[in-house]
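Read the structure below first, then the notes.
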Amino acid sequence: MEQCDVVVVGAGIAGASVASELAIDHRVLLLEREDAAGYHTTGRSAALFTPTYGPPQIRALTRASADFFAQPDSAFCSTPLIRQRDVMMVAREDQLGTLEHTLAALQRETPVDRLVGSDAEAAQPLLRAGHVAAALMNRDSYDIDVDALHGAWLRQFRARGGRTLLGADVVALERRGDTWRVTTSDTEITAPRVVNAAGAWADELACLAGARPVGLVPKRRTVAVVAVPEGYAGLHDTPMVIDVDEQFFLKPEAGRLLVSPADATPSEPCDARPEEYDIALGIDRVQRAFALEVRRVESAWAGLRSFVEDGLPVVGEDPDLAGFFWLCGQGGYGIQTAPAMSWLAAALLRGEAVPESLLAHGVDPMQLSPARGAARD
């Protein structure tokens, strides 16, 4: 029987970051059911930081995380975590209403340029002539080195005395008085607090604990890797392009192109695999928008992005079950919001005030609380 102050279940980006924060002044045990940390969603991210992406609370968490990414402490990571990558949201003529609505919302928060179609084509030469009527360009966006980020949090966690158990599938959770008993396939652990950072499996873990599920829905997203067409060798530094209605994205990366239909197909929690239909749909959509003729898919993968009904993360102690703390529902935004999310979660777990650095950017813990109506109805 092991004893600690906090058990964190799930060693993806959410679990690793909050475990590292808590290990400053707590004995923390980080449990991961797989044989490698970050095997599922964390390891299958499109690896983008952009303050224009997601609903308002996601954008607030992203803005609050910006300085962490831009100037990481050298003791945390000795290599840069981000690299400049402009992001362009594009609209056809029939999508201009959505574009203007999006522009109005974003202009209050972050610098965004409105481009006419010809300027969009100049910025991303792969775009088909005449496809784009207008676009929004954000130049405060970046590629994220997810491996470096995740690995740095795990190293920091170990340096602070934390321990990670891999292959530790939680099979039982029981509250006894003021203590949780966590049973895995190999051991038993007792702790006053359990953090549910189990990703797509968060509702399943909650049911083991006797908590009411928050209605988490994992949704599959598919990415295919294709070659850059001949004559376009200089695409490496060109913008990532996202359809304003999120019907596709295209991102230059490592001399190839990542393409996706931006699918969001409900799924059971699982080791997600790409479906042939979704790969074909993504290729069809990008071929309509770009001067691409895809003859071969070099590789493809799928990951699960988990949402509750209102599309916001669930962060906070369960209103009905003491010591059971939710940290899930990050959707597709978990990497870029992880710093701020870990600071928020750690403050709530310690019973401290929410950091002013989060409040200043508009982070509202009440909108993220598991007690809010949309997350539990």
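Letters A, B, ... mark the chains of the structure tokens in the order given; residue numbers begin at 1 per chain; ligand numbers begin at 1, in order shown.
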| field | range 281-295 of chain A environment, 12 Å, only C-alpha atoms, sequence neighbours closer than 4 positions dropped, as an MDAnalysis selection string | value | chainID A and resid 90:92 120:121 124:133 221:232 241:243 246:251 257:263 274:277 300
Would you write out those residues with N, CA and C atoms, as a compact mmCIF listing (two decimals), in the first residue's frame?
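Result file follows (out-v8.txt):
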# COMPACT_ATOMS: atom_id res chain seq x y z
N VAL A 90 -9.81 31.06 -43.71
CA VAL A 90 -10.24 31.47 -45.04
C VAL A 90 -11.74 31.25 -45.22
N ALA A 91 -12.32 32.09 -46.07
CA ALA A 91 -13.76 32.02 -46.32
C ALA A 91 -14.05 32.18 -47.81
N ARG A 92 -14.95 31.32 -48.30
CA ARG A 92 -15.50 31.52 -49.63
C ARG A 92 -16.51 32.67 -49.57
N ALA A 120 -4.62 36.64 -49.61
CA ALA A 120 -4.57 35.29 -49.03
C ALA A 120 -3.79 34.35 -49.94
N GLU A 121 -4.03 34.44 -51.25
CA GLU A 121 -3.32 33.59 -52.22
C GLU A 121 -1.83 33.90 -52.23
N GLN A 124 -0.37 32.20 -49.05
CA GLN A 124 -0.33 30.75 -49.16
C GLN A 124 -0.53 30.38 -50.63
N PRO A 125 0.58 30.26 -51.37
CA PRO A 125 0.49 30.06 -52.82
C PRO A 125 -0.25 28.80 -53.25
N LEU A 126 -0.44 27.85 -52.36
CA LEU A 126 -1.15 26.62 -52.72
C LEU A 126 -2.64 26.85 -52.93
N LEU A 127 -3.20 27.93 -52.40
CA LEU A 127 -4.63 28.17 -52.54
C LEU A 127 -5.02 28.30 -54.02
N ARG A 128 -6.13 27.70 -54.38
CA ARG A 128 -6.63 27.82 -55.75
C ARG A 128 -7.10 29.24 -56.01
N ALA A 129 -6.77 29.77 -57.16
CA ALA A 129 -7.18 31.13 -57.51
C ALA A 129 -8.70 31.25 -57.47
N GLY A 130 -9.17 32.23 -56.75
CA GLY A 130 -10.59 32.52 -56.69
C GLY A 130 -11.36 31.75 -55.65
N HIS A 131 -10.72 30.77 -54.98
CA HIS A 131 -11.46 29.99 -53.98
C HIS A 131 -11.78 30.83 -52.75
N VAL A 132 -10.84 31.68 -52.35
CA VAL A 132 -10.99 32.45 -51.11
C VAL A 132 -11.47 33.86 -51.45
N ALA A 133 -12.56 34.26 -50.81
CA ALA A 133 -13.06 35.64 -50.98
C ALA A 133 -12.39 36.58 -49.99
N ARG A 221 -10.62 12.81 -34.61
CA ARG A 221 -10.10 13.72 -35.63
C ARG A 221 -8.99 13.03 -36.40
N THR A 222 -9.01 13.20 -37.72
CA THR A 222 -8.11 12.47 -38.61
C THR A 222 -7.14 13.42 -39.29
N VAL A 223 -5.90 13.01 -39.41
CA VAL A 223 -4.87 13.78 -40.12
C VAL A 223 -4.15 12.84 -41.07
N ALA A 224 -3.95 13.31 -42.29
CA ALA A 224 -3.17 12.57 -43.28
C ALA A 224 -1.95 13.40 -43.67
N VAL A 225 -0.87 12.72 -43.99
CA VAL A 225 0.36 13.36 -44.41
C VAL A 225 0.55 13.12 -45.90
N VAL A 226 0.70 14.21 -46.67
CA VAL A 226 0.88 14.10 -48.11
C VAL A 226 2.08 14.94 -48.54
N ALA A 227 2.56 14.67 -49.73
CA ALA A 227 3.74 15.37 -50.24
C ALA A 227 3.39 16.78 -50.71
N VAL A 228 4.37 17.65 -50.62
CA VAL A 228 4.24 18.98 -51.22
C VAL A 228 4.32 18.83 -52.74
N PRO A 229 3.42 19.44 -53.50
CA PRO A 229 3.48 19.29 -54.95
C PRO A 229 4.73 19.92 -55.55
N GLU A 230 5.13 19.43 -56.69
CA GLU A 230 6.31 19.98 -57.37
C GLU A 230 6.10 21.46 -57.67
N GLY A 231 7.18 22.21 -57.50
CA GLY A 231 7.12 23.63 -57.77
C GLY A 231 6.75 24.47 -56.57
N TYR A 232 6.51 23.83 -55.41
CA TYR A 232 6.12 24.56 -54.20
C TYR A 232 7.07 24.25 -53.04
N VAL A 241 -3.61 26.91 -42.87
CA VAL A 241 -4.88 27.42 -43.36
C VAL A 241 -6.02 26.60 -42.76
N ILE A 242 -6.99 27.31 -42.18
CA ILE A 242 -8.16 26.68 -41.57
C ILE A 242 -9.41 27.26 -42.21
N ASP A 243 -10.31 26.42 -42.64
CA ASP A 243 -11.59 26.89 -43.15
C ASP A 243 -12.36 27.56 -42.02
N GLU A 246 -14.43 25.53 -40.15
CA GLU A 246 -13.66 24.36 -39.72
C GLU A 246 -14.09 23.09 -40.46
N GLN A 247 -14.07 23.19 -41.80
CA GLN A 247 -14.34 22.04 -42.65
C GLN A 247 -13.06 21.34 -43.10
N PHE A 248 -11.92 22.00 -42.91
CA PHE A 248 -10.64 21.39 -43.22
C PHE A 248 -9.54 22.24 -42.61
N PHE A 249 -8.33 21.66 -42.54
CA PHE A 249 -7.14 22.47 -42.34
C PHE A 249 -6.00 21.86 -43.14
N LEU A 250 -5.02 22.70 -43.43
CA LEU A 250 -3.78 22.29 -44.11
C LEU A 250 -2.63 22.98 -43.39
N LYS A 251 -1.63 22.19 -43.01
CA LYS A 251 -0.49 22.74 -42.29
C LYS A 251 0.81 22.21 -42.87
N LEU A 257 2.82 18.02 -45.93
CA LEU A 257 1.58 18.74 -45.62
C LEU A 257 0.70 17.86 -44.75
N LEU A 258 0.24 18.42 -43.64
CA LEU A 258 -0.78 17.76 -42.84
C LEU A 258 -2.13 18.26 -43.31
N VAL A 259 -3.02 17.33 -43.66
CA VAL A 259 -4.34 17.72 -44.13
C VAL A 259 -5.40 16.97 -43.32
N SER A 260 -6.52 17.64 -43.10
CA SER A 260 -7.57 17.04 -42.27
C SER A 260 -8.92 17.56 -42.69
N PRO A 261 -9.97 16.73 -42.60
CA PRO A 261 -11.33 17.21 -42.81
C PRO A 261 -11.89 17.88 -41.57
N ALA A 262 -11.04 18.04 -40.53
CA ALA A 262 -11.48 18.61 -39.25
C ALA A 262 -12.70 17.86 -38.72
N ASP A 263 -12.66 16.54 -38.88
CA ASP A 263 -13.78 15.72 -38.45
C ASP A 263 -13.91 15.72 -36.93
N PRO A 274 -7.44 5.95 -37.95
CA PRO A 274 -8.08 6.71 -39.03
C PRO A 274 -8.98 5.82 -39.87
N GLU A 275 -10.11 6.35 -40.28
CA GLU A 275 -11.03 5.66 -41.18
C GLU A 275 -10.75 6.10 -42.61
N GLU A 276 -10.84 5.17 -43.55
CA GLU A 276 -10.56 5.49 -44.95
C GLU A 276 -11.47 6.61 -45.46
N TYR A 277 -12.74 6.59 -45.03
CA TYR A 277 -13.67 7.63 -45.47
C TYR A 277 -13.19 9.01 -45.04
N ALA A 300 -1.13 8.35 -41.95
CA ALA A 300 -2.33 8.96 -41.39
C ALA A 300 -2.48 8.51 -39.95
| All alpha helix (DSSP H) positions in range 84-305 of chain A, as a VMD selection string | chain A and resid 96 to 106 117 to 123 146 to 159 202 to 209 276 to 289
Okay, now the selection with C-alpha atoms, as a PDB file, in the first residue's frame?
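In the end it all went to out03.pdb:
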ATOM      1  CA  LEU A  96     -18.255  35.877 -45.450  1.00  0.00           C
ATOM      2  CA  GLY A  97     -20.929  36.318 -42.785  1.00  0.00           C
ATOM      3  CA  THR A  98     -19.141  33.820 -40.539  1.00  0.00           C
ATOM      4  CA  LEU A  99     -15.814  35.504 -41.246  1.00  0.00           C
ATOM      5  CA  GLU A 100     -17.109  38.957 -40.232  1.00  0.00           C
ATOM      6  CA  HIS A 101     -18.674  37.571 -37.060  1.00  0.00           C
ATOM      7  CA  THR A 102     -15.379  35.850 -36.190  1.00  0.00           C
ATOM      8  CA  LEU A 103     -13.405  39.020 -36.915  1.00  0.00           C
ATOM      9  CA  ALA A 104     -15.623  41.090 -34.616  1.00  0.00           C
ATOM     10  CA  ALA A 105     -15.045  38.641 -31.743  1.00  0.00           C
ATOM     11  CA  LEU A 106     -11.297  38.294 -32.236  1.00  0.00           C
ATOM     12  CA  GLY A 117      -8.668  36.861 -51.594  1.00  0.00           C
ATOM     13  CA  SER A 118      -5.617  37.891 -53.627  1.00  0.00           C
ATOM     14  CA  ASP A 119      -3.635  38.675 -50.475  1.00  0.00           C
ATOM     15  CA  ALA A 120      -4.569  35.294 -49.030  1.00  0.00           C
ATOM     16  CA  GLU A 121      -3.320  33.594 -52.216  1.00  0.00           C
ATOM     17  CA  ALA A 122      -0.059  35.527 -51.985  1.00  0.00           C
ATOM     18  CA  ALA A 123       0.435  34.407 -48.382  1.00  0.00           C
ATOM     19  CA  VAL A 146       4.859  18.858 -28.063  1.00  0.00           C
ATOM     20  CA  ASP A 147       7.464  16.180 -27.312  1.00  0.00           C
ATOM     21  CA  ALA A 148       9.800  18.746 -25.756  1.00  0.00           C
ATOM     22  CA  LEU A 149       6.956  20.319 -23.754  1.00  0.00           C
ATOM     23  CA  HIS A 150       5.536  17.066 -22.434  1.00  0.00           C
ATOM     24  CA  GLY A 151       8.962  15.635 -21.713  1.00  0.00           C
ATOM     25  CA  ALA A 152      10.006  18.780 -19.823  1.00  0.00           C
ATOM     26  CA  TRP A 153       6.984  18.549 -17.522  1.00  0.00           C
ATOM     27  CA  LEU A 154       7.672  14.878 -16.829  1.00  0.00           C
ATOM     28  CA  ARG A 155      11.339  15.613 -16.048  1.00  0.00           C
ATOM     29  CA  GLN A 156      10.397  18.532 -13.809  1.00  0.00           C
ATOM     30  CA  PHE A 157       7.883  16.312 -12.038  1.00  0.00           C
ATOM     31  CA  ARG A 158      10.557  13.707 -11.323  1.00  0.00           C
ATOM     32  CA  ALA A 159      13.034  16.379 -10.186  1.00  0.00           C
ATOM     33  CA  ALA A 202     -12.543  10.562 -17.673  1.00  0.00           C
ATOM     34  CA  ASP A 203     -16.236   9.682 -17.348  1.00  0.00           C
ATOM     35  CA  GLU A 204     -15.369   5.992 -16.996  1.00  0.00           C
ATOM     36  CA  LEU A 205     -12.953   6.823 -14.183  1.00  0.00           C
ATOM     37  CA  ALA A 206     -15.637   8.963 -12.539  1.00  0.00           C
ATOM     38  CA  CYS A 207     -18.071   6.063 -12.581  1.00  0.00           C
ATOM     39  CA  LEU A 208     -15.491   3.891 -10.799  1.00  0.00           C
ATOM     40  CA  ALA A 209     -15.311   6.575  -8.110  1.00  0.00           C
ATOM     41  CA  GLU A 276     -10.564   5.488 -44.952  1.00  0.00           C
ATOM     42  CA  TYR A 277     -13.667   7.634 -45.473  1.00  0.00           C
ATOM     43  CA  ASP A 278     -12.310  10.438 -43.291  1.00  0.00           C
ATOM     44  CA  ILE A 279      -8.955  10.370 -45.051  1.00  0.00           C
ATOM     45  CA  ALA A 280     -10.704  10.568 -48.436  1.00  0.00           C
ATOM     46  CA  LEU A 281     -12.998  13.359 -47.209  1.00  0.00           C
ATOM     47  CA  GLY A 282     -10.050  15.417 -46.010  1.00  0.00           C
ATOM     48  CA  ILE A 283      -8.222  14.999 -49.304  1.00  0.00           C
ATOM     49  CA  ASP A 284     -11.330  15.930 -51.279  1.00  0.00           C
ATOM     50  CA  ARG A 285     -11.898  19.095 -49.260  1.00  0.00           C
ATOM     51  CA  VAL A 286      -8.325  20.331 -49.489  1.00  0.00           C
ATOM     52  CA  GLN A 287      -8.103  19.531 -53.200  1.00  0.00           C
ATOM     53  CA  ARG A 288     -11.101  21.794 -53.755  1.00  0.00           C
ATOM     54  CA  ALA A 289      -9.376  24.652 -51.931  1.00  0.00           C
TER      55      ALA A 289
END
| field | Spatial neighbours of Val28 in chain A, max dist 6 Å, only C-alpha atoms, sep filter under 4 positions, as a count of residues only | value | 6
| Which value, in Å to one decimal, gives the distance between CA of Gln95 in chain A and CA of Ser141 in chain A? |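 Going from CA of Gln95 in chain A over to CA of Ser141 in chain A covers 22.9 Å.
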| said: Just the number, please: distance in Å from CA of Ala64 in chain A to CA of Ala345 in chain A, one decimal. | reply: 13.9 Å
| said: Using DSSP secondary structure from the backbone, list all strand (DSSP E) positions within range 179-252 of chain A, as a count of residues only. | reply: 33
| Closest of A:Asn196, A:Ser185, A:Thr164, A:Ser342 to Leu31 in chain A - atom-to-atom distances counting only C-alpha atoms |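 So, comparing all the options, the nearest one is A:Thr164.
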| What lies within 9 Å of Gly10 in chain A using only C-alpha atoms, ignoring chain neighbours under 5 positions off, as a PyMOL selection string? | chain A and resi 15-16+30-33+37-38+195-199
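Counting only C-alpha atoms and comparing A:Tyr333, A:Phe68, A:Trp326, A:Phe76, the residue that lies closest to Phe49 in chain A is A:Tyr333.
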| Could you pull the residues within 9 Å of Gln367 in chain A, counting only C-alpha atoms, minus those fewer than 5 positions along the same chain, as a ChimeraX atom specification? | /A:57,312-314,372
| said: Report, in Å with one decimal, the straight-line distance from CA of Ala233 in chain A to CA of Ala254 in chain A. | reply: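 These two atoms are separated by 11.5 Å.
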| said: Please determine, counting only C-alpha atoms, which residue among A:Gln84, A:Gln71, A:Thr265, A:Thr110 has the shortest atom-to-atom distance to Tyr142 in chain A. | reply: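 So, comparing all the options, the nearest one is A:Gln84.
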